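Here is work07.pdb, consisting of PDB, C-alpha atoms (C1' of nucleotides):
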MODEL        1
ATOM      1  CA  MET A   1       0.000   0.000   0.000
ATOM      2  CA  ASN A   2       3.029   2.244  -0.145
ATOM      3  CA  THR A   3       4.589   2.409  -3.560
ATOM      4  CA  PHE A   4       3.040   4.363  -6.377
ATOM      5  CA  SER A   5       2.350   1.148  -8.294
ATOM      6  CA  GLU A   6       0.451  -0.236  -5.348
ATOM      7  CA  LYS A   7      -1.580   2.929  -5.070
ATOM      8  CA  LEU A   8      -2.454   2.681  -8.747
ATOM      9  CA  ARG A   9      -3.592  -0.930  -8.384
ATOM     10  CA  GLU A  10      -5.616  -0.022  -5.349
ATOM     11  CA  LYS A  11      -7.495   2.458  -7.540
ATOM     12  CA  LYS A  12      -7.880  -0.122 -10.353
ATOM     13  CA  LEU A  13      -5.569   1.844 -12.594
ATOM     14  CA  LYS A  14      -3.039  -0.003 -14.695
ATOM     15  CA  VAL A  15       0.626   0.482 -14.010
ATOM     16  CA  THR A  16       2.170   1.810 -17.213
ATOM     17  CA  PRO A  17       5.621   3.195 -17.922
ATOM     18  CA  GLN A  18       4.065   6.545 -18.854
ATOM     19  CA  ARG A  19       2.288   6.843 -15.527
ATOM     20  CA  LEU A  20       5.426   5.893 -13.649
ATOM     21  CA  ALA A  21       7.464   8.439 -15.569
ATOM     22  CA  ILE A  22       4.973  11.269 -15.092
ATOM     23  CA  TYR A  23       4.440  10.572 -11.430
ATOM     24  CA  SER A  24       8.116  10.177 -10.758
ATOM     25  CA  TYR A  25       8.798  13.434 -12.538
ATOM     26  CA  LEU A  26       6.169  15.210 -10.455
ATOM     27  CA  ALA A  27       7.269  13.636  -7.212
ATOM     28  CA  ASN A  28      10.842  14.759  -7.769
ATOM     29  CA  SER A  29       9.900  18.249  -8.898
ATOM     30  CA  GLY A  30       9.368  21.194  -6.637
ATOM     31  CA  ALA A  31       8.330  23.338  -9.562
ATOM     32  CA  HIS A  32       4.564  22.676  -9.810
ATOM     33  CA  PRO A  33       4.858  22.199 -13.552
ATOM     34  CA  THR A  34       2.213  22.524 -16.233
ATOM     35  CA  VAL A  35       1.313  19.708 -18.617
ATOM     36  CA  GLU A  36       3.406  21.400 -21.285
ATOM     37  CA  THR A  37       6.463  21.399 -19.032
ATOM     38  CA  ILE A  38       5.992  17.820 -17.927
ATOM     39  CA  TYR A  39       5.672  16.774 -21.546
ATOM     40  CA  ASN A  40       8.772  18.630 -22.697
ATOM     41  CA  ASP A  41      10.906  17.420 -19.834
ATOM     42  CA  ILE A  42       9.899  13.791 -20.180
ATOM     43  CA  ARG A  43      10.103  13.727 -23.992
ATOM     44  CA  ALA A  44      13.876  13.236 -23.957
ATOM     45  CA  ASP A  45      13.631   9.939 -22.089
ATOM     46  CA  PHE A  46      10.322   9.002 -23.635
ATOM     47  CA  PRO A  47      10.135  10.204 -27.205
ATOM     48  CA  SER A  48       7.038   8.206 -28.087
ATOM     49  CA  MET A  49       4.804   9.765 -25.460
ATOM     50  CA  SER A  50       1.893  11.906 -26.570
ATOM     51  CA  ILE A  51       0.879  15.085 -24.809
ATOM     52  CA  ALA A  52      -2.628  13.640 -24.716
ATOM     53  CA  THR A  53      -1.281  10.943 -22.438
ATOM     54  CA  VAL A  54       0.099  13.566 -20.091
ATOM     55  CA  TYR A  55      -3.290  15.279 -19.927
ATOM     56  CA  LYS A  56      -5.091  11.997 -19.315
ATOM     57  CA  THR A  57      -2.558  10.828 -16.773
ATOM     58  CA  VAL A  58      -2.618  13.926 -14.601
ATOM     59  CA  ALA A  59      -6.427  13.862 -14.733
ATOM     60  CA  ALA A  60      -6.496  10.217 -13.700
ATOM     61  CA  LEU A  61      -4.013  10.791 -10.899
ATOM     62  CA  ARG A  62      -5.937  13.853  -9.770
ATOM     63  CA  ASP A  63      -9.176  11.838  -9.663
ATOM     64  CA  ALA A  64      -7.386   9.122  -7.748
ATOM     65  CA  GLY A  65      -6.149  11.662  -5.212
ATOM     66  CA  LEU A  66      -2.509  11.092  -6.089
ATOM     67  CA  VAL A  67      -1.715  14.556  -7.409
ATOM     68  CA  ARG A  68      -3.122  17.995  -6.789
ATOM     69  CA  GLU A  69      -4.299  20.248  -9.609
ATOM     70  CA  PHE A  70      -4.391  23.987  -9.156
ATOM     71  CA  ASN A  71      -4.435  27.236 -11.014
ATOM     72  CA  ILE A  72      -3.020  30.567  -9.984
ATOM     73  CA  SER A  73      -4.782  32.710 -12.601
ATOM     74  CA  GLU A  74      -2.444  31.655 -15.352
ATOM     75  CA  ASP A  75      -3.268  30.132 -18.687
ATOM     76  CA  SER A  76      -2.710  26.539 -17.712
ATOM     77  CA  ASN A  77      -3.153  24.293 -14.710
ATOM     78  CA  ARG A  78      -0.288  23.231 -12.513
ATOM     79  CA  TYR A  79       0.288  19.863 -10.872
ATOM     80  CA  ASP A  80       1.856  18.789  -7.632
ATOM     81  CA  ALA A  81       2.465  15.274  -6.361
ATOM     82  CA  HIS A  82       3.157  16.390  -2.810
ATOM     83  CA  MET A  83      -0.137  15.661  -1.142
ATOM     84  CA  ASP A  84       0.593  16.646   2.464
ATOM     85  CA  GLU A  85      -1.360  19.785   3.157
ATOM     86  CA  HIS A  86       0.747  22.789   2.378
ATOM     87  CA  ALA A  87       0.375  26.375   1.251
ATOM     88  CA  HIS A  88       1.746  27.922  -1.900
ATOM     89  CA  ILE A  89       3.590  31.215  -1.858
ATOM     90  CA  ILE A  90       3.626  32.839  -5.269
ATOM     91  CA  CYS A  91       5.880  35.653  -6.384
ATOM     92  CA  THR A  92       3.888  38.373  -8.084
ATOM     93  CA  LYS A  93       6.913  39.375 -10.138
ATOM     94  CA  CYS A  94       8.725  36.222 -11.318
ATOM     95  CA  HIS A  95       5.755  33.884 -10.699
ATOM     96  CA  CYS A  96       7.868  31.304  -8.895
ATOM     97  CA  ILE A  97       6.000  29.135  -6.415
ATOM     98  CA  GLU A  98       7.327  28.013  -3.070
ATOM     99  CA  ASP A  99       5.807  25.401  -0.798
ATOM    100  CA  TYR A 100       5.211  26.033   2.853
ATOM    101  CA  TYR A 101       4.540  23.039   5.058
ATOM    102  CA  GLY A 102       4.120  24.880   8.333
ATOM    103  CA  SER A 103       0.773  24.664  10.060
ATOM    104  CA  PHE A 104      -1.777  27.408  10.552
ATOM    105  CA  ASP A 105      -3.574  27.772  13.805
ATOM    106  CA  MET A 106      -7.047  28.277  12.493
ATOM    107  CA  GLY A 107      -9.087  25.380  13.819
ATOM    108  CA  GLU A 108     -11.445  27.637  15.725
ATOM    109  CA  ASP A 109     -11.824  30.010  12.834
ATOM    110  CA  ILE A 110     -12.850  27.136  10.614
ATOM    111  CA  CYS A 111     -15.412  25.950  13.148
ATOM    112  CA  ARG A 112     -16.880  29.427  13.191
ATOM    113  CA  MET A 113     -16.950  29.477   9.412
ATOM    114  CA  GLU A 114     -18.673  26.107   9.214
ATOM    115  CA  LEU A 115     -21.261  27.292  11.674
ATOM    116  CA  ALA A 116     -21.855  30.536   9.814
ATOM    117  CA  SER A 117     -21.955  29.041   6.333
ATOM    118  CA  GLY A 118     -23.578  25.680   6.886
ATOM    119  CA  PHE A 119     -20.772  24.023   4.945
ATOM    120  CA  SER A 120     -18.773  21.083   6.235
ATOM    121  CA  ILE A 121     -15.236  21.912   5.206
ATOM    122  CA  GLU A 122     -13.120  19.047   3.950
ATOM    123  CA  SER A 123     -10.101  20.678   2.406
ATOM    124  CA  ARG A 124      -8.587  24.009   1.567
ATOM    125  CA  ASP A 125      -6.285  25.838  -0.790
ATOM    126  CA  MET A 126      -4.132  28.579   0.594
ATOM    127  CA  ASN A 127      -2.212  30.770  -1.787
ATOM    128  CA  PHE A 128      -0.125  33.668  -0.584
ATOM    129  CA  TYR A 129       1.137  36.364  -2.907
ATOM    130  CA  GLY A 130       4.124  38.635  -2.501
ATOM    131  CA  LEU A 131       7.658  39.213  -3.654
ATOM    132  CA  CYS A 132      10.229  36.469  -3.339
ATOM    133  CA  GLU A 133      13.630  37.185  -1.854
ATOM    134  CA  LYS A 134      15.353  37.561  -5.220
ATOM    135  CA  CYS A 135      12.768  39.881  -6.703
ATOM    136  CA  ARG A 136      12.636  42.024  -3.582
ATOM    137  CA  ASP A 137      16.400  42.505  -3.602
ATOM    138  CA  LYS A 138      16.373  43.984  -7.074
TER     139      LYS A 138
ATOM    140  CA  MET B   1     -12.115  59.244  -4.801
ATOM    141  CA  ASN B   2     -15.113  57.164  -3.835
ATOM    142  CA  THR B   3     -17.326  56.429  -6.757
ATOM    143  CA  PHE B   4     -16.405  53.885  -9.368
ATOM    144  CA  SER B   5     -16.077  56.632 -11.988
ATOM    145  CA  GLU B   6     -13.591  58.461  -9.822
ATOM    146  CA  LYS B   7     -11.591  55.302  -9.330
ATOM    147  CA  LEU B   8     -11.478  54.790 -13.067
ATOM    148  CA  ARG B   9     -10.239  58.328 -13.660
ATOM    149  CA  GLU B  10      -7.645  57.905 -10.950
ATOM    150  CA  LYS B  11      -6.291  54.960 -12.941
ATOM    151  CA  LYS B  12      -6.431  56.916 -16.202
ATOM    152  CA  LEU B  13      -9.174  54.707 -17.543
ATOM    153  CA  LYS B  14     -12.039  56.237 -19.446
ATOM    154  CA  VAL B  15     -15.493  56.090 -17.978
ATOM    155  CA  THR B  16     -17.667  54.242 -20.467
ATOM    156  CA  PRO B  17     -21.216  52.947 -20.201
ATOM    157  CA  GLN B  18     -19.930  49.404 -20.751
ATOM    158  CA  ARG B  19     -17.539  49.649 -17.830
ATOM    159  CA  LEU B  20     -20.206  51.110 -15.607
ATOM    160  CA  ALA B  21     -22.630  48.358 -16.560
ATOM    161  CA  ILE B  22     -20.145  45.540 -16.022
ATOM    162  CA  TYR B  23     -18.874  46.887 -12.723
ATOM    163  CA  SER B  24     -22.344  47.592 -11.444
ATOM    164  CA  TYR B  25     -23.417  44.091 -12.386
ATOM    165  CA  LEU B  26     -20.443  42.620 -10.549
ATOM    166  CA  ALA B  27     -20.853  44.831  -7.520
ATOM    167  CA  ASN B  28     -24.482  43.790  -7.157
ATOM    168  CA  SER B  29     -23.825  40.118  -7.739
ATOM    169  CA  GLY B  30     -22.908  37.633  -5.075
ATOM    170  CA  ALA B  31     -22.469  34.920  -7.671
ATOM    171  CA  HIS B  32     -18.835  35.300  -8.760
ATOM    172  CA  PRO B  33     -19.867  35.107 -12.405
ATOM    173  CA  THR B  34     -17.809  34.152 -15.439
ATOM    174  CA  VAL B  35     -17.366  36.420 -18.460
ATOM    175  CA  GLU B  36     -19.974  34.358 -20.286
ATOM    176  CA  THR B  37     -22.517  34.923 -17.520
ATOM    177  CA  ILE B  38     -21.793  38.633 -17.241
ATOM    178  CA  TYR B  39     -22.179  38.967 -20.989
ATOM    179  CA  ASN B  40     -25.462  37.065 -21.135
ATOM    180  CA  ASP B  41     -26.992  38.903 -18.204
ATOM    181  CA  ILE B  42     -26.031  42.356 -19.442
ATOM    182  CA  ARG B  43     -26.996  41.692 -23.068
ATOM    183  CA  ALA B  44     -30.678  42.352 -22.404
ATOM    184  CA  ASP B  45     -30.018  45.941 -21.324
ATOM    185  CA  PHE B  46     -27.067  46.422 -23.616
ATOM    186  CA  PRO B  47     -27.609  44.557 -26.859
ATOM    187  CA  SER B  48     -24.732  46.200 -28.679
ATOM    188  CA  MET B  49     -22.031  45.051 -26.299
ATOM    189  CA  SER B  50     -19.440  42.579 -27.513
ATOM    190  CA  ILE B  51     -18.112  39.743 -25.412
ATOM    191  CA  ALA B  52     -14.638  41.003 -26.286
ATOM    192  CA  THR B  53     -15.466  44.141 -24.347
ATOM    193  CA  VAL B  54     -16.400  42.085 -21.312
ATOM    194  CA  TYR B  55     -13.058  40.272 -21.476
ATOM    195  CA  LYS B  56     -11.123  43.506 -21.842
ATOM    196  CA  THR B  57     -13.095  45.275 -19.151
ATOM    197  CA  VAL B  58     -12.643  42.641 -16.479
ATOM    198  CA  ALA B  59      -8.933  42.489 -17.349
ATOM    199  CA  ALA B  60      -8.616  46.268 -17.078
ATOM    200  CA  LEU B  61     -10.507  46.346 -13.795
ATOM    201  CA  ARG B  62      -8.428  43.464 -12.488
ATOM    202  CA  ASP B  63      -5.219  45.288 -13.393
ATOM    203  CA  ALA B  64      -6.567  48.424 -11.736
ATOM    204  CA  GLY B  65      -7.303  46.477  -8.558
ATOM    205  CA  LEU B  66     -11.042  47.037  -8.815
ATOM    206  CA  VAL B  67     -12.116  43.438  -9.245
ATOM    207  CA  ARG B  68     -10.660  40.114  -8.247
ATOM    208  CA  GLU B  69     -10.090  37.320 -10.737
ATOM    209  CA  PHE B  70      -9.948  33.726  -9.624
ATOM    210  CA  ASN B  71     -10.294  30.202 -10.807
ATOM    211  CA  ILE B  72     -11.495  27.178  -8.919
ATOM    212  CA  SER B  73     -10.287  24.519 -11.362
ATOM    213  CA  GLU B  74     -13.119  25.119 -13.756
ATOM    214  CA  ASP B  75     -12.981  25.978 -17.420
ATOM    215  CA  SER B  76     -13.321  29.696 -17.031
ATOM    216  CA  ASN B  77     -12.265  32.427 -14.665
ATOM    217  CA  ARG B  78     -14.618  34.025 -12.200
ATOM    218  CA  TYR B  79     -14.839  37.667 -11.156
ATOM    219  CA  ASP B  80     -15.712  39.400  -7.945
ATOM    220  CA  ALA B  81     -16.009  43.130  -7.297
ATOM    221  CA  HIS B  82     -16.015  42.729  -3.527
ATOM    222  CA  MET B  83     -12.469  43.601  -2.677
ATOM    223  CA  ASP B  84     -12.541  43.366   1.118
ATOM    224  CA  GLU B  85     -10.479  40.362   2.033
ATOM    225  CA  HIS B  86     -12.694  37.326   2.268
ATOM    226  CA  ALA B  87     -12.519  33.588   1.803
ATOM    227  CA  HIS B  88     -14.480  31.506  -0.657
ATOM    228  CA  ILE B  89     -16.229  28.343   0.369
ATOM    229  CA  ILE B  90     -16.916  26.097  -2.580
ATOM    230  CA  CYS B  91     -19.295  23.157  -2.675
ATOM    231  CA  THR B  92     -17.633  20.112  -4.183
ATOM    232  CA  LYS B  93     -20.998  18.811  -5.348
ATOM    233  CA  CYS B  94     -23.056  21.715  -6.727
ATOM    234  CA  HIS B  95     -20.079  24.071  -7.162
ATOM    235  CA  CYS B  96     -21.810  26.997  -5.522
ATOM    236  CA  ILE B  97     -19.535  29.572  -3.917
ATOM    237  CA  GLU B  98     -20.173  31.343  -0.658
ATOM    238  CA  ASP B  99     -18.271  34.316   0.713
ATOM    239  CA  TYR B 100     -16.951  34.367   4.239
ATOM    240  CA  TYR B 101     -15.898  37.696   5.661
ATOM    241  CA  GLY B 102     -14.846  36.488   9.088
ATOM    242  CA  SER B 103     -11.237  36.931  10.073
ATOM    243  CA  PHE B 104      -8.594  34.275  10.558
ATOM    244  CA  ASP B 105      -6.192  34.496  13.414
ATOM    245  CA  MET B 106      -3.010  33.688  11.565
ATOM    246  CA  GLY B 107      -0.825  36.745  11.901
ATOM    247  CA  GLU B 108       1.915  34.866  13.714
ATOM    248  CA  ASP B 109       1.767  31.971  11.290
ATOM    249  CA  ILE B 110       2.287  34.365   8.418
ATOM    250  CA  CYS B 111       5.263  35.969  10.124
ATOM    251  CA  ARG B 112       6.793  32.537  10.544
ATOM    252  CA  MET B 113       6.123  31.782   6.901
ATOM    253  CA  GLU B 114       7.695  35.044   5.730
ATOM    254  CA  LEU B 115      10.738  34.286   7.802
ATOM    255  CA  ALA B 116      11.034  30.737   6.507
ATOM    256  CA  SER B 117      10.392  31.553   2.867
ATOM    257  CA  GLY B 118      12.030  34.943   2.451
ATOM    258  CA  PHE B 119       8.853  36.249   0.819
ATOM    259  CA  SER B 120       7.102  39.405   1.884
ATOM    260  CA  ILE B 121       3.452  38.452   1.765
ATOM    261  CA  GLU B 122       1.060  41.048   0.435
ATOM    262  CA  SER B 123      -2.174  39.206  -0.151
ATOM    263  CA  ARG B 124      -3.739  35.803  -0.027
ATOM    264  CA  ASP B 125      -6.412  33.604  -1.509
ATOM    265  CA  MET B 126      -8.201  31.219   0.732
ATOM    266  CA  ASN B 127     -10.523  28.658  -0.765
ATOM    267  CA  PHE B 128     -12.282  26.073   1.338
ATOM    268  CA  TYR B 129     -13.935  23.026  -0.136
ATOM    269  CA  GLY B 130     -16.751  20.965   1.283
ATOM    270  CA  LEU B 131     -20.438  20.236   0.974
ATOM    271  CA  CYS B 132     -22.944  23.043   1.266
ATOM    272  CA  GLU B 133     -25.959  22.695   3.510
ATOM    273  CA  LYS B 134     -28.322  21.708   0.701
ATOM    274  CA  CYS B 135     -26.019  19.092  -0.800
ATOM    275  CA  ARG B 136     -25.266  17.587   2.593
ATOM    276  CA  ASP B 137     -28.940  17.169   3.415
ATOM    277  CA  LYS B 138     -29.590  15.088   0.332
TER     278      LYS B 138
ATOM    279  C1'  DT C   1       0.101 -17.731 -23.906
ATOM    280  C1'  DC C   2      -4.295 -15.794 -24.989
ATOM    281  C1'  DC C   3      -8.029 -12.578 -24.120
ATOM    282  C1'  DT C   4     -10.097  -8.383 -22.940
ATOM    283  C1'  DA C   5     -10.576  -4.077 -21.117
ATOM    284  C1'  DA C   6      -7.884  -0.225 -20.468
ATOM    285  C1'  DA C   7      -4.246   2.861 -21.923
ATOM    286  C1'  DT C   8      -1.720   5.130 -25.474
ATOM    287  C1'  DG C   9      -0.762   8.064 -29.475
ATOM    288  C1'  DA C  10      -1.993  10.996 -33.228
ATOM    289  C1'  DT C  11      -4.995  14.154 -34.539
ATOM    290  C1'  DA C  12      -9.382  16.508 -34.882
ATOM    291  C1'  DA C  13     -12.660  19.143 -32.311
ATOM    292  C1'  DC C  14     -13.812  22.351 -28.921
ATOM    293  C1'  DA C  15     -14.029  26.180 -25.699
ATOM    294  C1'  DA C  16     -11.957  30.108 -23.479
ATOM    295  C1'  DT C  17      -9.357  33.882 -24.394
ATOM    296  C1'  DT C  18      -6.643  37.195 -27.056
ATOM    297  C1'  DA C  19      -5.288  39.752 -31.243
ATOM    298  C1'  DC C  20      -6.551  42.556 -34.941
ATOM    299  C1'  DA C  21      -8.365  46.303 -37.600
ATOM    300  C1'  DA C  22     -12.045  49.343 -38.514
ATOM    301  C1'  DT C  23     -15.254  52.309 -36.260
ATOM    302  C1'  DT C  24     -16.912  54.941 -32.463
ATOM    303  C1'  DT C  25     -16.478  57.645 -28.357
ATOM    304  C1'  DA C  26     -14.670  60.038 -24.022
ATOM    305  C1'  DA C  27     -11.843  63.570 -22.555
ATOM    306  C1'  DT C  28      -9.176  67.609 -23.433
ATOM    307  C1'  DG C  29      -8.438  72.248 -24.726
ATOM    308  C1'  DA C  30      -9.026  76.019 -28.037
TER     309       DA C  30
ATOM    310  C1'  DT D   1     -19.347  74.193 -28.234
ATOM    311  C1'  DC D   2     -16.502  72.009 -31.454
ATOM    312  C1'  DA D   3     -12.448  69.726 -33.154
ATOM    313  C1'  DT D   4      -8.829  66.690 -32.045
ATOM    314  C1'  DT D   5      -6.830  62.613 -30.457
ATOM    315  C1'  DA D   6      -5.964  58.694 -27.910
ATOM    316  C1'  DA D   7      -8.492  55.099 -25.999
ATOM    317  C1'  DA D   8     -12.427  51.999 -26.081
ATOM    318  C1'  DT D   9     -15.665  49.199 -28.491
ATOM    319  C1'  DT D  10     -17.121  45.808 -31.991
ATOM    320  C1'  DG D  11     -17.053  41.871 -34.757
ATOM    321  C1'  DT D  12     -14.307  38.479 -36.159
ATOM    322  C1'  DA D  13     -10.200  35.760 -36.861
ATOM    323  C1'  DA D  14      -6.481  33.555 -34.613
ATOM    324  C1'  DT D  15      -4.527  31.330 -30.821
ATOM    325  C1'  DT D  16      -4.083  28.382 -26.955
ATOM    326  C1'  DG D  17      -5.211  24.939 -23.489
ATOM    327  C1'  DT D  18      -7.828  20.966 -23.094
ATOM    328  C1'  DT D  19     -10.901  17.151 -24.417
ATOM    329  C1'  DA D  20     -12.831  13.722 -27.664
ATOM    330  C1'  DT D  21     -12.241  10.242 -31.027
ATOM    331  C1'  DC D  22     -10.557   6.136 -32.775
ATOM    332  C1'  DA D  23      -7.230   2.929 -34.310
ATOM    333  C1'  DT D  24      -3.450   0.518 -32.199
ATOM    334  C1'  DT D  25      -0.954  -1.292 -28.389
ATOM    335  C1'  DT D  26      -0.421  -3.157 -23.872
ATOM    336  C1'  DA D  27      -1.180  -4.629 -18.884
ATOM    337  C1'  DG D  28      -3.081  -7.945 -16.113
ATOM    338  C1'  DG D  29      -5.789 -11.930 -15.319
ATOM    339  C1'  DA D  30      -7.487 -16.587 -16.872
TER     340       DA D  30
ENDMDL
END
Here is the file; what I need is its structure written in the form of structure tokens.
Amino acid sequence: MNTFSEKLREKKLKVTPQRLAIYSYLANSGAHPTVETIYNDIRADFPSMSIATVYKTVAALRDAGLVREFNISEDSNRYDAHMDEHAHIICTKCHCIEDYYGSFDMGEDICRMELASGFSIESRDMNFYGLCEKCRDK
Amino acid sequence: MNTFSEKLREKKLKVTPQRLAIYSYLANSGAHPTVETIYNDIRADFPSMSIATVYKTVAALRDAGLVREFNISEDSNRYDAHMDEHAHIICTKCHCIEDYYGSFDMGEDICRMELASGFSIESRDMNFYGLCEKCRDK
DNA sequence: TCCTAAATGATAACAATTACAATTTAATGA
DNA sequence: TCATTAAATTGTAATTGTTATCATTTAGGA
């Protein structure tokens, strides 16, 4: 129940070289790449792969809960295989994205929000915007 | 410096009937509409308006800081003229969006994050996902 | 090894958005 | 008030990101 292949089987998804390559690429990347980027970077090792496969794979993995899909008001979606809850910090100048795994002390606030809204909250996306160190120094 | 027209002038944007209509529609809507929806709803009162104008207007207003653009992993962007900081609560079943204006007690957490990341945080997007009251009752 | 459903690859179709060029209009100042 | 000019609007074409289609290939089980 631990390896990626096992997780695929658990979800009744076949284990294919393409899926392994895409997931491995995502898992080793901290860059939150787009489909285009994934495709270009994997092409070298995998010249036969179609970009359609990349689209279908990230969608399948997203539906299986193995990757996270998000969009920061850009043209295309970004993907992230790091599923522990974490926030994204996005530079408004160079558009780099940094992960932040620290916790936020907002349990009570969420209770209040659930009470006020009638929703039962299951997950959240937290995106922070500002200038990264490099851009600020310029 | 208070009315929408004054804000436009301040940003060196011309005051046009189309801009007034689109902003007024957004300001009076709690629905976080897409360009398509804005266009369709305004068409009745404004048959000559082009959808290209709606696209350009929301982009101009977004750049001027008068509306907020966001995307919740759907096909098209959504727009919101309510600029006070607030969170969005999104139903994972019916995809309705509710605003939450309550505050979150995370000042210290953000300081810690700025320290750890080197970013200077200026704004944030908080999206919560769950089931709305209606969908949960079914 | 064979069988079958699922996955892949190539490409066409589609939908959201942007670019373009001609026309109209808001704002400025004489 | 009118003329001027830069900006905005329109309608449409082009572009881009994504999905659908379908023929071919392949993974996984019998």
Explicit residues for the PyMOL selection byres ((chain D) within 10 of (chain A)) (as a ChimeraX atom specification): /D:16-19,26-28
Residues of chain C within 12 Å of chain B, only C-alpha atoms (C1' of nucleotides) counted, as a list in words: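 Close to chain B, chain C has DA15, DA16, DT17, DT18, DA19, DC20, DT25, DA26 and DA27 of chain C.
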Explicit residue set for the PyMOL selection byres ((chain D and resi 25) around 9), as a list of chain:residue names: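 Applying the PyMOL selection byres ((chain D and resi 25) around 9) to the structure shown produces C:DA7, C:DT8, D:DT24, D:DT26.
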Check: which chain B residues lie within 6 Å of chain A using only C-alpha atoms, as an MDAnalysis selection string: chainID B and resid 104 109 118:133
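Proximity ranking of A:Ala59, A:Val54, A:Ala81, A:Cys94 relative to Ser24 in chain A places A:Ala81 first, based on all atoms listed in the file.
The protein and nucleic acid residues lying at most 12 Å from DG29 in chain C are DT1, DC2, DA3, DT4 and DT5 of chain D, with all atoms listed in the file considered and sequence neighbours fewer than 6 positions away removed.
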Selection dump of the PyMOL selection byres ((chain D and resi 29) around 12), as JSON, numbers by chain: {"C": [1, 2, 3, 4, 5], "D": [27, 28, 30]}
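Excluding Ala60 in chain A itself and any same-chain residue fewer than 3 positions from it, the protein and nucleic acid residues within 12 Å of it, counting all atoms listed in the file, are Leu8, Lys11, Lys12, Leu13, Lys14, Arg19, Ile22, Tyr23, Thr53, Val54, Tyr55, Lys56, Thr57, Asp63, Ala64, Gly65, Leu66, Val67, Arg68 and Glu69 of chain A; DA7 of chain C.
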Separation of CA of Leu26 in chain A from CA of Ile42 in chain A, in Å and rounded to one decimal: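 Answer for the CA of Leu26 in chain A to CA of Ile42 in chain A separation: 10.5 Å.
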Close residues, DT10 in chain D itself excluded, 10 Å, only C-alpha atoms (C1' of nucleotides), min 2 positions apart in chain, as a ChimeraX atom specification: /B:48-53 /C:22-24 /D:8,12
Pairwise distance for CA of Asn40 in chain B and CA of Asn2 in chain B, rounded to one decimal in Å: 28.5 Å
Give me the box for range 44-49 of chain A as JSON, namely the centre and edge lengths in Å to one decimal of a box along x, y and z that holds every listed atom plus 3 Å on each side.
{"center_x": 9.3, "center_y": 10.7, "center_z": -25.1, "size_x": 15.1, "size_y": 11.0, "size_z": 12.0}
Separation of CA of Asp84 in chain A from CA of Thr34 in chain A in Å: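 CA of Asp84 in chain A lies at a distance of 19.7 Å from CA of Thr34 in chain A.
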